[in-house]
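Student: This is the structure, below, for whatever I ask next.
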Amino acid sequence: MKLGIEDISLATTSLVLDLDEVAAAQGADPDKFRIGIGQDSMSIPAPDEDVVTLGAQAAQRVLHGQDLSAIRTVLFATESGVDQSKSAGVYMHRLLGLNPNARVIEFKQACYSGTGALQLALALVARNPEQKVLVVAADIARYDAGSSGEPTQGAAAVAMLISATPDVLAIEPVSGLYTQDIMDFWRPNYRSTAIVDGRYSIKAYLDSVKQSWRDYRAQGGHELSEFDHFCYHQPFTRQAVKGHATLAREGGVDAETRDAQLEHTLDYNRVLGNSYTASLYVGLLSLLDSSPDDLTGHRIGFFSYGSGAVGELFAGVVQPGYRTRSHRTEHRAAIDGRTPIDYARYFELHERPDDVDGGDHPRERGTTGPFRFAGVRDHGRVYEPTS
Ligand code: HMG
């Protein structure tokens, strides 16, 4: 029995900041960002956008035409949670009119938890192939303004329908795993921005690539030359390039194969920025949407990394129906349709105080998406469709 992704789609925010604006504000050479870290721009949320609205927007597309009664589990992965107790997924569940006879849970382990949710979804479907699981990974990456992490912010959500009829990607059962308790990147409860030891986090990521690969091979996984493509968690696109150079050395493939395996996987992240839990799957959509080739039968490798730190390396094979599930036009429209803002407007949004009880978000200069966060009433967040 094949198990995997039946449908997959992404959403991003309504606003975008070109990294030349950040370079000018920081007094940095724009090439440091465009070439050095491999990023051009980053998605910025409007005041009435958050992980719930982004997640619901991405999920709405994969739910179109589905029998919602088959979805009895909803897994929401994020490290930009909107409440310490209630899952963002429960708010989304109502917005989407999902089956009340379902379980809804939020997952957290930095950028890794989208993959954790996906793997648990596969196990649930293996137990009962009649059921489908909705997995949503959504994040808004935030660092202090003026910091070295600032150009690596961004935002996106990816929704995946996991089932025993995987029209897009059949996921193979072998995984390479690696966990270590380290402080490379984290966000204490009293902060809305992450703390990061940038150089150390890069080393920790590359170490995790190596260790996860060794475990993958020890568990009976394929040789590196058997992969047509490789997708990475992309805090910035150059990190994926560094990760794959490390893997190519481990797996003994030549430079031509190494470069071909990464082709088309970086395009979307370069313009969206880091989307934490969603980033790896944004890389997959970049490949599926951008490659001119018929990818049917191609094996894709995936490396998922979440600081703190957990790594997982696994594989999937593209299925014949993947083009019938394409949302390429909508993805391109979402990316190209973002409104450019300048550094001053970004800074104003970045520094605005946390939402408090009684605060409302006006519709003006708000989201262009189908759902909005209207404000906080009686200490509860209020969400509504925009039309
Ligand atoms: P920095 O220290 O300011 O930058 O910030 P740098 O001086 O290291 O320069 C970056 C690169 O640009 C270097 O290339 C420079 O040589 C090059 P490298 O040596 O690395 O190949 N450069 C130039 N290139 C062309 N023209 C120029 C120029 N100037 C310099 N003029 C840093 C970099 C990544 C540390 C910073 O952006 C940061 O702290 N980012 C946040 C942390 C991060 O993304 N870490 C990645 C691994 S951890 C991870 O992936 C998990 C994460 O997603 C969180 C989670 O799990 O939840 C972050």
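By order in the structure tokens, chains are A, B, ...; within a chain, residues start at 1; ligands start at 1, following the order shown.
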Enumerate, in order of chain and increasing residue number, the residues of chain A with an atom no farther than 7 Å from ligand 1, each with its shortest atom pair and distance in Å to one decimal, counting only C-alpha atoms and all ligand atoms, as a Markdown table.

Tutor:
| residue | atom | partner | partner_atom_place_in_ligand_line | distance |
| --- | --- | --- | --- | --- |
| A:Asp29 | CA | ligand 1 | 31 (N) | 5.0 |
| A:Pro30 | CA | ligand 1 | 31 (N) | 6.8 |
| A:Asp31 | CA | ligand 1 | 26 (N) | 4.2 |
| A:Lys32 | CA | ligand 1 | 28 (C) | 3.5 |
| A:Phe33 | CA | ligand 1 | 12 (O) | 6.6 |
| A:Ile35 | CA | ligand 1 | 25 (C) | 4.9 |
| A:Gly36 | CA | ligand 1 | 12 (O) | 3.1 |
| A:Ile37 | CA | ligand 1 | 11 (C) | 5.3 |
| A:Ala110 | CA | ligand 1 | 57 (O) | 3.8 |
| A:Cys111 | CA | ligand 1 | 56 (O) | 3.9 |
| A:Tyr112 | CA | ligand 1 | 56 (O) | 6.5 |
| A:Ser148 | CA | ligand 1 | 3 (O) | 4.4 |
| A:Gly149 | CA | ligand 1 | 40 (N) | 3.8 |
| A:Glu150 | CA | ligand 1 | 37 (O) | 6.9 |
| A:Pro151 | CA | ligand 1 | 37 (O) | 6.4 |
| A:Thr152 | CA | ligand 1 | 37 (O) | 5.7 |
| A:Asp184 | CA | ligand 1 | 48 (S) | 6.9 |
| A:Phe185 | CA | ligand 1 | 54 (C) | 6.0 |
| A:Val196 | CA | ligand 1 | 42 (C) | 5.9 |
| A:Asp197 | CA | ligand 1 | 39 (O) | 6.4 |
| A:Gly198 | CA | ligand 1 | 35 (C) | 3.6 |
| A:Arg199 | CA | ligand 1 | 35 (C) | 5.0 |
| A:Ser201 | CA | ligand 1 | 48 (S) | 4.3 |
| A:Ile202 | CA | ligand 1 | 47 (C) | 4.1 |
| A:Tyr205 | CA | ligand 1 | 47 (C) | 5.4 |
| A:His233 | CA | ligand 1 | 50 (O) | 6.6 |
| A:Gln234 | CA | ligand 1 | 50 (O) | 6.4 |
| A:Pro235 | CA | ligand 1 | 53 (O) | 4.4 |
| A:Phe236 | CA | ligand 1 | 44 (O) | 6.2 |
| A:Gln239 | CA | ligand 1 | 46 (C) | 6.6 |
| A:Asn274 | CA | ligand 1 | 53 (O) | 6.6 |
| A:Tyr276 | CA | ligand 1 | 53 (O) | 5.1 |
| A:Tyr305 | CA | ligand 1 | 56 (O) | 6.0 |
| A:Gly306 | CA | ligand 1 | 56 (O) | 3.5 |
| A:Ser307 | CA | ligand 1 | 56 (O) | 3.8 |

Student: Identify, on the basis of only C-alpha atoms, every residue whose closest approach to Leu118 of chain A does not exceed 10 Å; exclude the query and any residue fewer than 6 positions from it along the same chain; express the result as a VMD selection string.

Tutor: chain A and resid 4 to 5 75 to 77 124 133 to 137 160 to 162 171

Student: Could you tell me, as a PyMOL selection string, which residues of segment 112-248 of chain A DSSP assigns to alpha helix (DSSP H) when given the backbone?

Tutor: chain A and resi 113-127+198-218+237-248

Student: Any chance you can output those residues with C-alpha atoms as a CSV table (one decimal), in the first residue's frame?

Tutor:
chain,number,residue,atom,x,y,z
A,113,SER,CA,7.5,19.8,13.6
A,114,GLY,CA,5.9,19.9,10.1
A,115,THR,CA,7.8,16.7,9.4
A,116,GLY,CA,6.9,15.3,12.8
A,117,ALA,CA,3.3,15.9,12.0
A,118,LEU,CA,3.6,14.4,8.5
A,119,GLN,CA,5.2,11.2,9.9
A,120,LEU,CA,2.5,10.8,12.5
A,121,ALA,CA,-0.2,11.4,9.9
A,122,LEU,CA,1.3,8.6,7.8
A,123,ALA,CA,1.1,6.2,10.8
A,124,LEU,CA,-2.5,7.1,11.4
A,125,VAL,CA,-3.4,6.5,7.7
A,126,ALA,CA,-1.5,3.2,7.8
A,127,ARG,CA,-3.7,2.1,10.7
A,198,GLY,CA,23.9,32.2,13.9
A,199,ARG,CA,27.3,30.7,13.1
A,200,TYR,CA,26.7,27.8,15.6
A,201,SER,CA,23.3,27.2,14.1
A,202,ILE,CA,24.8,26.7,10.7
A,203,LYS,CA,27.3,24.2,12.0
A,204,ALA,CA,24.6,22.4,14.0
A,205,TYR,CA,22.4,22.1,10.9
A,206,LEU,CA,25.3,20.7,8.8
A,207,ASP,CA,26.2,18.2,11.6
A,208,SER,CA,22.5,17.1,11.6
A,209,VAL,CA,22.6,16.6,7.8
A,210,LYS,CA,25.6,14.3,8.2
A,211,GLN,CA,24.3,12.3,11.2
A,212,SER,CA,20.7,12.0,9.8
A,213,TRP,CA,22.2,10.7,6.5
A,214,ARG,CA,24.4,8.1,8.3
A,215,ASP,CA,21.4,6.9,10.2
A,216,TYR,CA,19.3,6.8,7.0
A,217,ARG,CA,21.9,4.6,5.3
A,218,ALA,CA,22.2,2.4,8.4
A,237,THR,CA,18.6,29.3,0.4
A,238,ARG,CA,22.5,29.2,0.7
A,239,GLN,CA,22.0,27.0,3.8
A,240,ALA,CA,20.4,24.3,1.5
A,241,VAL,CA,23.4,24.7,-0.9
A,242,LYS,CA,25.8,24.2,2.0
A,243,GLY,CA,23.7,21.3,3.3
A,244,HIS,CA,23.8,19.6,0.0
A,245,ALA,CA,27.5,20.1,-0.5
A,246,THR,CA,28.0,18.3,2.9
A,247,LEU,CA,25.7,15.5,1.8
A,248,ALA,CA,27.4,15.1,-1.6

Student: Which residues are close to Thr13 of chain A, i.e. within 7 Å by only C-alpha atoms, leaving aside same-chain residues fewer than 4 positions away? Reply as a list in words.

Tutor: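 Neighbouring residues, sequence-local ones excluded: Ser43, Ile44, Pro45, Ala155 and Ala156 of chain A.
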
Student: Write to file, as a compact mmCIF listing (two decimals), in the first residue's frame, the residues of the selection just made, with C-alpha atoms.

Tutor:
# COMPACT_ATOMS: atom_id res chain seq x y z
CA SER A 43 6.92 37.98 3.16
CA ILE A 44 5.61 40.27 5.90
CA PRO A 45 2.21 39.75 7.58
CA ALA A 155 6.29 33.74 6.32
CA ALA A 156 4.24 31.00 4.65

Student: Run DSSP on the backbone and tell me which residues of segment 109-267 of chain A come out as strand (DSSP E or B); list them as number ranges by chain.

Tutor: A: 109, 111, 132-141, 154-163, 169-179, 185-186, 195-196, 229-232

Student: Taking only C-alpha atoms into account, name the residue in A:Met183, A:Ile8, A:Leu349, A:Leu17 that is nearest to Ser326 of chain A.

Tutor: A:Ile8

Student: For segment 359-373 of chain A, please output as a PyMOL selection string all residues within 12 Å (counting only C-alpha atoms; exclusion window: fewer than 4 positions along the same chain).

Tutor: chain A and resi 11-15+44-61+82+88+91-92+94-96+330+333-334+337-339+341+345+349+353-355+377-387

Student: What does the distance between atom CA of Tyr281 of chain A and atom CA of Arg299 of chain A come to in Å, to one decimal place?

Tutor: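 If I compute the distance from atom CA of Tyr281 of chain A to atom CA of Arg299 of chain A, I get 15.1 Å.
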